[in-house]
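This report concerns only the one structure given below.
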Amino acid sequence: MTLPTELDEALAALAGRRPLLLASDYDGVLARLRDDPSTAVPEPGVAEVLERLSAVAGVTVALVSGRGVADLRTTSGLSGPFRWVGSHGAEFDGPLRGELADRRDRVAAVLEPVVAGTPGARLEVKPASVAVHVRQVTDRARAGALLEEARALVNSSLTMKPGKDVLEVAVTDADKGSALRRLGAELGVAGTLYLGDDVTDEDGFRALGADDVSVKIGEGPTAARYRVADPAGALALLERLADLLT
């Protein structure tokens, strides 16, 4: 697959910088979106290209996901010297505990009855948030109404993270942008690449500098500077960057 010329040139410029942070969302980028999130395995070739990238001196590969880290590791089956950031940046060096975990459980208790009353809807309790999924709700008007109802039921001080057929209610204000800034500062990076496909990835795109490379996967308005159509395009991008780096 041939990448757009401007994107290819940006990757070539990025490849000459060290230290380098290569970060990506998982679902919708490295794996196709699935109705059952537990079946969202990486696209063929993803594990191999991530291994190539992480083997380059001065390069750090990070997976930055809305999933909890434990779920991300299990579902992806990926292993390597990666940085794992889960729950939109809330899980950065270990799971949430104490009051934040209790707050998450209270939110779940409020939302469970209304979600249970909508066929096809699903409530997911994550380490730092609770998500209402409506991808499998056949009545699309009811799907939208459920998300609005869920938003109205929870405390307005909580952080709302709307996505594709999902509303996630987070018990911290961490986001993917703050996670990328934290990683970048810790590593002292000279350049960053971030790939994402969803609304929550916009925080990551906006956190990058003018010389960094932000890439939106798929359609929709975005703050990213570049775009590819689908996970196959994301894989082609990573393979091209691996070639440039090695």
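Letters A, B, ... mark the chains of the structure tokens in the order given; residue numbers begin at 1 per chain; ligand numbers begin at 1, in order shown.
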So which residues of region 9-243 of chain A fall under strand (DSSP E) by DSSP, listed as a PDB file with C-alpha atoms, in the first residue's frame?
```
ATOM      1  CA  LEU A  20      11.522   8.490  19.558  1.00  0.00           C
ATOM      2  CA  LEU A  21       8.101   7.549  20.946  1.00  0.00           C
ATOM      3  CA  LEU A  22       5.833   5.473  18.703  1.00  0.00           C
ATOM      4  CA  ALA A  23       2.402   5.251  20.315  1.00  0.00           C
ATOM      5  CA  SER A  24      -0.873   3.812  19.108  1.00  0.00           C
ATOM      6  CA  VAL A  59      12.776   3.912  20.045  1.00  0.00           C
ATOM      7  CA  THR A  60       9.970   3.223  22.540  1.00  0.00           C
ATOM      8  CA  VAL A  61       6.711   1.610  21.451  1.00  0.00           C
ATOM      9  CA  ALA A  62       3.645   2.376  23.569  1.00  0.00           C
ATOM     10  CA  LEU A  63       0.102   1.012  23.443  1.00  0.00           C
ATOM     11  CA  VAL A  64      -2.330   3.667  24.679  1.00  0.00           C
ATOM     12  CA  ARG A  83       4.916   0.723  27.488  1.00  0.00           C
ATOM     13  CA  TRP A  84       1.337  -0.145  28.419  1.00  0.00           C
ATOM     14  CA  VAL A  85      -1.062   2.721  29.154  1.00  0.00           C
ATOM     15  CA  ARG A 122     -23.804  -3.908  27.452  1.00  0.00           C
ATOM     16  CA  LEU A 123     -22.227  -2.437  30.556  1.00  0.00           C
ATOM     17  CA  GLU A 124     -18.455  -2.778  30.825  1.00  0.00           C
ATOM     18  CA  VAL A 125     -16.721  -2.063  34.127  1.00  0.00           C
ATOM     19  CA  SER A 129     -14.290   3.814  34.211  1.00  0.00           C
ATOM     20  CA  VAL A 130     -17.667   2.345  33.296  1.00  0.00           C
ATOM     21  CA  ALA A 131     -18.695   2.096  29.637  1.00  0.00           C
ATOM     22  CA  VAL A 132     -22.173   1.790  28.119  1.00  0.00           C
ATOM     23  CA  HIS A 133     -21.947  -0.017  24.758  1.00  0.00           C
ATOM     24  CA  THR A 159     -15.329  12.768  32.930  1.00  0.00           C
ATOM     25  CA  MET A 160     -17.451  11.753  29.942  1.00  0.00           C
ATOM     26  CA  LYS A 161     -15.636  10.090  27.052  1.00  0.00           C
ATOM     27  CA  PRO A 162     -18.052   9.538  24.151  1.00  0.00           C
ATOM     28  CA  GLY A 163     -16.910   7.220  21.368  1.00  0.00           C
ATOM     29  CA  VAL A 166     -20.231   3.993  23.472  1.00  0.00           C
ATOM     30  CA  LEU A 167     -20.250   6.405  26.385  1.00  0.00           C
ATOM     31  CA  GLU A 168     -17.458   5.918  28.883  1.00  0.00           C
ATOM     32  CA  VAL A 169     -17.707   7.522  32.309  1.00  0.00           C
ATOM     33  CA  ALA A 170     -14.249   7.915  33.836  1.00  0.00           C
ATOM     34  CA  GLY A 191       9.743  13.124  18.324  1.00  0.00           C
ATOM     35  CA  THR A 192       6.416  11.320  18.702  1.00  0.00           C
ATOM     36  CA  LEU A 193       4.081   9.393  16.412  1.00  0.00           C
ATOM     37  CA  TYR A 194       0.506   8.746  17.525  1.00  0.00           C
ATOM     38  CA  LEU A 195      -2.118   6.667  15.708  1.00  0.00           C
ATOM     39  CA  GLY A 196      -5.780   6.714  16.737  1.00  0.00           C
ATOM     40  CA  VAL A 213       3.224  12.985  13.462  1.00  0.00           C
ATOM     41  CA  SER A 214      -0.449  12.435  14.286  1.00  0.00           C
ATOM     42  CA  VAL A 215      -2.503  10.059  12.139  1.00  0.00           C
ATOM     43  CA  LYS A 216      -6.257   9.516  12.164  1.00  0.00           C
ATOM     44  CA  ILE A 217      -7.386   6.032  11.141  1.00  0.00           C
ATOM     45  CA  TYR A 226      -2.595  12.997   8.489  1.00  0.00           C
ATOM     46  CA  ARG A 227      -5.090  10.246   7.764  1.00  0.00           C
ATOM     47  CA  VAL A 228      -5.178   6.659   6.499  1.00  0.00           C
TER      48      VAL A 228
END
```
What's around Leu11 (chain A) at 10 Å? Count only C-alpha atoms, leave out sequence neighbours fewer than 6 positions away in its own chain, and write the answer as a ChimeraX atom specification. /A:5,193,212-213,237-238,240-242,244-245
Residues flagged alpha helix (DSSP H) by DSSP in region 156-246 of chain A, as number ranges by chain:
A: 176-187, 202-207, 231-245
For this session: Compare A:Thr118, A:Ser54, A:Thr2, A:Ser87 by their minimum atom-to-atom distance to Arg140 (chain A), counting only C-alpha atoms, and give me the closest one.
Result: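 Result for the nearest residue to Arg140 (chain A): A:Thr118.
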Check your understanding: Leaving out region 114-116 of chain A and any residue of its chain fewer than 3 positions from it, which residues lie within 10 Å of it when counting only C-alpha atoms, given as a count of residues only?
Key -> 16
### Task
Could you tell me which of A:Ala152, A:Ala232, A:Ala12, A:Val107 comes closest to Asp211 (chain A) if we count only C-alpha atoms?
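Counting only C-alpha atoms, the residue closest to Asp211 (chain A) is A:Ala12.
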Pick the closest to Asp36 (chain A) from A:Leu7, A:Glu239, A:Ser65, A:Thr75: which is it, counting only C-alpha atoms?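 Checking each of A:Leu7, A:Glu239, A:Ser65, A:Thr75 against Asp36 (chain A), counting only C-alpha atoms, the winner is A:Thr75.
Closest approach to Arg73 (chain A) among A:Gly98, A:Gly177, A:Pro42, A:Gly204: A:Pro42, based on only C-alpha atoms.
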Restricting to only C-alpha atoms, whichever of A:Ala15, A:Ala90, A:Met1, A:Ala234 is closest to Arg32 (chain A) is A:Ala234
Query raised in the report: Which neighbours of Asp27 (chain A) fall inside 10 Å, counting only C-alpha atoms, when residues of the same chain fewer than 5 positions from it are skipped, and could you give them as a PyMOL selection string?
Result: chain A and resi 32-34+37+40-42+65-67+72+76+196-198+231
Original post:
Using only C-alpha atoms, which of A:Leu187, A:Glu148, A:Gly218, A:Leu14 sits nearest Gly233 (chain A)?
Top reply: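 Selected residue with least distance to Gly233 (chain A): A:Gly218.
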_List the spatial neighbours of Ser178 (chain A) as an MDAnalysis selection string - criterion: any atom at most 10 Å away, only C-alpha atoms, same-chain residues fewer than 2 positions off excluded._
chainID A and resid 88:90 173:176 180:184 203:204 207
